[in-house]
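As structure tokens, the structure follows; a few thoughts come after it.
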Amino acid sequence: MTRDYTIRTMITADEIAARVEVLAGEINAYFAGTEKLVVVGLLRGSYVFIADLARKLELPVEVDFIEASSYGNTTESSREVRILKDLRSPIEGLDVLVVEDI
């Protein structure tokens, strides 16, 4: 059975780009003077947004990712979080911006 559906644009690419620009400005102001800002993204949903954001930041930036799962092979959370990919370097004492994909 084939269902008819319509994809409706909720937020345009231009609106997203404008919001990324505003966020980058706020982050630049908040972290002004930092020696390095570590942007940590939760894989997999955050990587495109982080790439767009990192290009707009006027700070020394390092990007790293963490991957976690509480679903395993099901669609229902087990409430037990497993770290599938951890950060490459320690972040203690650094300025960190966490970008989540939900």
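Going by the structure tokens order, chains are called A, B, ..., each with residues numbered from 1, while ligands are numbered from 1 in the order shown.
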> DSSP says strand (DSSP E or B) for which residues of range 1-83 of chain A? Put them as a list in words?
Replying inline: Leu37, Val38, Val39, Val40, Gly41, Leu42, Val61, Glu62, Val63, Asp64, Phe65, Ile66, Glu67, Ala68, Ser69, Arg82 and Ile83 of chain A
Keeping only N, CA, C and O atoms, write the selected residues to a file as a PDB file, in the first residue's frame.
```pdb
ATOM      1  N   LEU A  37      38.261  26.856  22.419  1.00  0.00           N
ATOM      2  CA  LEU A  37      36.911  26.377  22.685  1.00  0.00           C
ATOM      3  C   LEU A  37      36.782  24.983  22.091  1.00  0.00           C
ATOM      4  O   LEU A  37      37.020  24.791  20.893  1.00  0.00           O
ATOM      5  N   VAL A  38      36.454  24.019  22.916  1.00  0.00           N
ATOM      6  CA  VAL A  38      36.234  22.655  22.434  1.00  0.00           C
ATOM      7  C   VAL A  38      34.732  22.485  22.211  1.00  0.00           C
ATOM      8  O   VAL A  38      33.939  22.582  23.149  1.00  0.00           O
ATOM      9  N   VAL A  39      34.354  22.276  20.966  1.00  0.00           N
ATOM     10  CA  VAL A  39      32.960  22.043  20.615  1.00  0.00           C
ATOM     11  C   VAL A  39      32.767  20.539  20.562  1.00  0.00           C
ATOM     12  O   VAL A  39      33.390  19.857  19.753  1.00  0.00           O
ATOM     13  N   VAL A  40      31.925  20.021  21.464  1.00  0.00           N
ATOM     14  CA  VAL A  40      31.686  18.581  21.556  1.00  0.00           C
ATOM     15  C   VAL A  40      30.294  18.290  21.010  1.00  0.00           C
ATOM     16  O   VAL A  40      29.300  18.831  21.507  1.00  0.00           O
ATOM     17  N   GLY A  41      30.238  17.445  19.999  1.00  0.00           N
ATOM     18  CA  GLY A  41      28.963  17.084  19.396  1.00  0.00           C
ATOM     19  C   GLY A  41      28.586  15.657  19.700  1.00  0.00           C
ATOM     20  O   GLY A  41      29.445  14.786  19.826  1.00  0.00           O
ATOM     21  N   LEU A  42      27.287  15.443  19.828  1.00  0.00           N
ATOM     22  CA  LEU A  42      26.769  14.098  20.014  1.00  0.00           C
ATOM     23  C   LEU A  42      26.455  13.531  18.632  1.00  0.00           C
ATOM     24  O   LEU A  42      25.649  14.096  17.888  1.00  0.00           O
ATOM     25  N   VAL A  61      39.114  27.048  17.785  1.00  0.00           N
ATOM     26  CA  VAL A  61      38.119  25.990  18.006  1.00  0.00           C
ATOM     27  C   VAL A  61      38.720  24.628  17.710  1.00  0.00           C
ATOM     28  O   VAL A  61      39.445  24.444  16.737  1.00  0.00           O
ATOM     29  N   GLU A  62      38.370  23.671  18.563  1.00  0.00           N
ATOM     30  CA  GLU A  62      38.639  22.259  18.303  1.00  0.00           C
ATOM     31  C   GLU A  62      37.296  21.558  18.358  1.00  0.00           C
ATOM     32  O   GLU A  62      36.502  21.800  19.263  1.00  0.00           O
ATOM     33  N   VAL A  63      37.030  20.710  17.392  1.00  0.00           N
ATOM     34  CA  VAL A  63      35.768  19.973  17.349  1.00  0.00           C
ATOM     35  C   VAL A  63      36.051  18.511  17.646  1.00  0.00           C
ATOM     36  O   VAL A  63      36.988  17.925  17.114  1.00  0.00           O
ATOM     37  N   ASP A  64      35.237  17.931  18.509  1.00  0.00           N
ATOM     38  CA  ASP A  64      35.345  16.508  18.816  1.00  0.00           C
ATOM     39  C   ASP A  64      33.931  15.956  18.975  1.00  0.00           C
ATOM     40  O   ASP A  64      32.969  16.719  19.103  1.00  0.00           O
ATOM     41  N   PHE A  65      33.818  14.652  18.949  1.00  0.00           N
ATOM     42  CA  PHE A  65      32.503  14.027  19.011  1.00  0.00           C
ATOM     43  C   PHE A  65      32.482  12.899  20.030  1.00  0.00           C
ATOM     44  O   PHE A  65      33.505  12.269  20.306  1.00  0.00           O
ATOM     45  N   ILE A  66      31.297  12.676  20.554  1.00  0.00           N
ATOM     46  CA  ILE A  66      31.036  11.536  21.425  1.00  0.00           C
ATOM     47  C   ILE A  66      29.819  10.822  20.835  1.00  0.00           C
ATOM     48  O   ILE A  66      28.946  11.462  20.253  1.00  0.00           O
ATOM     49  N   GLU A  67      29.816   9.516  20.948  1.00  0.00           N
ATOM     50  CA  GLU A  67      28.664   8.750  20.478  1.00  0.00           C
ATOM     51  C   GLU A  67      28.178   7.896  21.633  1.00  0.00           C
ATOM     52  O   GLU A  67      28.964   7.209  22.286  1.00  0.00           O
ATOM     53  N   ALA A  68      26.887   7.984  21.897  1.00  0.00           N
ATOM     54  CA  ALA A  68      26.290   7.244  22.998  1.00  0.00           C
ATOM     55  C   ALA A  68      24.992   6.606  22.522  1.00  0.00           C
ATOM     56  O   ALA A  68      24.365   7.077  21.571  1.00  0.00           O
ATOM     57  N   SER A  69      24.598   5.538  23.200  1.00  0.00           N
ATOM     58  CA  SER A  69      23.353   4.860  22.841  1.00  0.00           C
ATOM     59  C   SER A  69      22.706   4.268  24.076  1.00  0.00           C
ATOM     60  O   SER A  69      23.385   3.742  24.953  1.00  0.00           O
ATOM     61  N   ARG A  82      25.341   3.642  26.914  1.00  0.00           N
ATOM     62  CA  ARG A  82      26.659   3.098  26.581  1.00  0.00           C
ATOM     63  C   ARG A  82      27.408   4.122  25.741  1.00  0.00           C
ATOM     64  O   ARG A  82      26.843   4.696  24.816  1.00  0.00           O
ATOM     65  N   ILE A  83      28.662   4.348  26.060  1.00  0.00           N
ATOM     66  CA  ILE A  83      29.507   5.236  25.271  1.00  0.00           C
ATOM     67  C   ILE A  83      30.124   4.406  24.149  1.00  0.00           C
ATOM     68  O   ILE A  83      30.868   3.455  24.412  1.00  0.00           O
TER      69      ILE A  83
END
```
Might you pull out every residue within 9 Å of Glu21 in chain A, with only C-alpha atoms counted and same-chain residues fewer than 4 positions away left off, and present them as a PDB file with N, CA, C and O atoms, in the first residue's frame?
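Output file out-v6.pdb is given in full below:
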```pdb
ATOM      1  N   ILE A  16      17.717  28.863   8.816  1.00  0.00           N
ATOM      2  CA  ILE A  16      18.706  28.126   9.617  1.00  0.00           C
ATOM      3  C   ILE A  16      20.050  28.840   9.570  1.00  0.00           C
ATOM      4  O   ILE A  16      20.691  29.042  10.601  1.00  0.00           O
ATOM      5  N   ALA A  17      20.476  29.258   8.393  1.00  0.00           N
ATOM      6  CA  ALA A  17      21.757  29.954   8.243  1.00  0.00           C
ATOM      7  C   ALA A  17      21.764  31.251   9.057  1.00  0.00           C
ATOM      8  O   ALA A  17      22.775  31.577   9.700  1.00  0.00           O
ATOM      9  N   GLY A  25      27.542  34.531  16.807  1.00  0.00           N
ATOM     10  CA  GLY A  25      27.845  35.827  17.401  1.00  0.00           C
ATOM     11  C   GLY A  25      27.752  35.794  18.920  1.00  0.00           C
ATOM     12  O   GLY A  25      28.612  36.340  19.630  1.00  0.00           O
ATOM     13  N   GLU A  26      26.718  35.129  19.440  1.00  0.00           N
ATOM     14  CA  GLU A  26      26.541  35.009  20.889  1.00  0.00           C
ATOM     15  C   GLU A  26      27.668  34.176  21.504  1.00  0.00           C
ATOM     16  O   GLU A  26      28.193  34.510  22.563  1.00  0.00           O
ATOM     17  N   LEU A  53      28.287  25.797  12.238  1.00  0.00           N
ATOM     18  CA  LEU A  53      28.574  26.686  13.359  1.00  0.00           C
ATOM     19  C   LEU A  53      30.065  26.979  13.481  1.00  0.00           C
ATOM     20  O   LEU A  53      30.477  28.135  13.630  1.00  0.00           O
ATOM     21  N   LYS A  56      31.570  29.650  11.393  1.00  0.00           N
ATOM     22  CA  LYS A  56      31.182  31.024  11.733  1.00  0.00           C
ATOM     23  C   LYS A  56      31.851  31.535  13.007  1.00  0.00           C
ATOM     24  O   LYS A  56      31.785  32.726  13.298  1.00  0.00           O
ATOM     25  N   LEU A  57      32.464  30.652  13.769  1.00  0.00           N
ATOM     26  CA  LEU A  57      33.096  31.074  15.019  1.00  0.00           C
ATOM     27  C   LEU A  57      34.419  31.765  14.736  1.00  0.00           C
ATOM     28  O   LEU A  57      35.190  31.324  13.887  1.00  0.00           O
TER      29      LEU A  57
END
```
> How many Å separate CA of Ile11 in chain A from CA of Val98 in chain A?
Replying inline: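 That distance, rounded to one decimal, is 22.9 Å.
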>> Report, in Å to a single decimal, how far apart CA of Ala29 in chain A and CA of Ala13 in chain A are.
In response: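 One can read the CA of Ala13 in chain A to CA of Ala29 in chain A distance as 24.5 Å.
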> Could you pull the residues within 10 Å of range 30-34 of chain A, counting only C-alpha atoms, minus those fewer than 5 positions along the same chain, as a list in words?
Replying inline: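 Skipping anything fewer than 5 positions along the chain leaves Ala24, Gly25, Glu58, Leu59, Pro60, Val61, Leu94, Asp95, Val96 and Leu97 of chain A.
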Output all heavy atoms for every residue in the selection just made, as a short mmCIF file (atom, residue, chain, number, x, y, z; two decimals), in the first residue's frame.
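Output contents, as saved in selection_18.cif:
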```
data_model
loop_
_atom_site.label_atom_id
_atom_site.label_comp_id
_atom_site.auth_asym_id
_atom_site.auth_seq_id
_atom_site.Cartn_x
_atom_site.Cartn_y
_atom_site.Cartn_z
N ALA A 24 26.42 32.00 16.51
CA ALA A 24 27.87 32.15 16.46
C ALA A 24 28.29 33.48 17.08
O ALA A 24 29.28 33.54 17.82
CB ALA A 24 28.36 32.04 15.02
N GLY A 25 27.54 34.53 16.81
CA GLY A 25 27.84 35.83 17.40
C GLY A 25 27.75 35.79 18.92
O GLY A 25 28.61 36.34 19.63
N GLU A 58 34.66 32.85 15.45
CA GLU A 58 35.90 33.61 15.30
C GLU A 58 36.77 33.40 16.53
O GLU A 58 37.28 34.34 17.12
CB GLU A 58 35.56 35.09 15.10
CG GLU A 58 34.74 35.33 13.84
CD GLU A 58 34.17 36.73 13.75
OE1 GLU A 58 34.28 37.49 14.72
OE2 GLU A 58 33.60 37.04 12.70
N LEU A 59 36.92 32.15 16.91
CA LEU A 59 37.65 31.73 18.10
C LEU A 59 38.57 30.57 17.71
O LEU A 59 38.30 29.89 16.72
CB LEU A 59 36.68 31.23 19.17
CG LEU A 59 35.58 32.16 19.64
CD1 LEU A 59 34.51 31.37 20.39
CD2 LEU A 59 36.16 33.24 20.52
N PRO A 60 39.59 30.32 18.52
CA PRO A 60 40.34 29.07 18.32
C PRO A 60 39.44 27.90 18.73
O PRO A 60 39.01 27.82 19.88
CB PRO A 60 41.55 29.22 19.23
CG PRO A 60 41.23 30.33 20.18
CD PRO A 60 40.13 31.14 19.58
N VAL A 61 39.11 27.05 17.78
CA VAL A 61 38.12 25.99 18.01
C VAL A 61 38.72 24.63 17.71
O VAL A 61 39.45 24.44 16.74
CB VAL A 61 36.88 26.20 17.10
CG1 VAL A 61 35.92 25.03 17.18
CG2 VAL A 61 36.17 27.49 17.46
N LEU A 94 39.15 23.19 30.21
CA LEU A 94 38.97 23.90 28.95
C LEU A 94 37.57 24.46 28.84
O LEU A 94 36.65 24.01 29.53
CB LEU A 94 39.24 22.95 27.77
CG LEU A 94 40.63 22.34 27.68
CD1 LEU A 94 40.69 21.35 26.53
CD2 LEU A 94 41.68 23.42 27.53
N ASP A 95 37.40 25.44 27.98
CA ASP A 95 36.06 25.94 27.66
C ASP A 95 35.42 24.94 26.70
O ASP A 95 36.01 24.60 25.66
CB ASP A 95 36.14 27.32 27.00
CG ASP A 95 36.56 28.39 28.01
OD1 ASP A 95 36.08 28.35 29.16
OD2 ASP A 95 37.34 29.27 27.62
N VAL A 96 34.23 24.46 27.05
CA VAL A 96 33.57 23.41 26.27
C VAL A 96 32.15 23.85 25.92
O VAL A 96 31.42 24.35 26.77
CB VAL A 96 33.52 22.08 27.06
CG1 VAL A 96 32.76 21.01 26.26
CG2 VAL A 96 34.92 21.61 27.39
N LEU A 97 31.77 23.65 24.68
CA LEU A 97 30.41 23.88 24.22
C LEU A 97 29.88 22.54 23.74
O LEU A 97 30.43 21.94 22.81
CB LEU A 97 30.40 24.90 23.06
CG LEU A 97 29.05 25.17 22.42
CD1 LEU A 97 28.14 25.92 23.39
CD2 LEU A 97 29.24 25.96 21.14
#
```
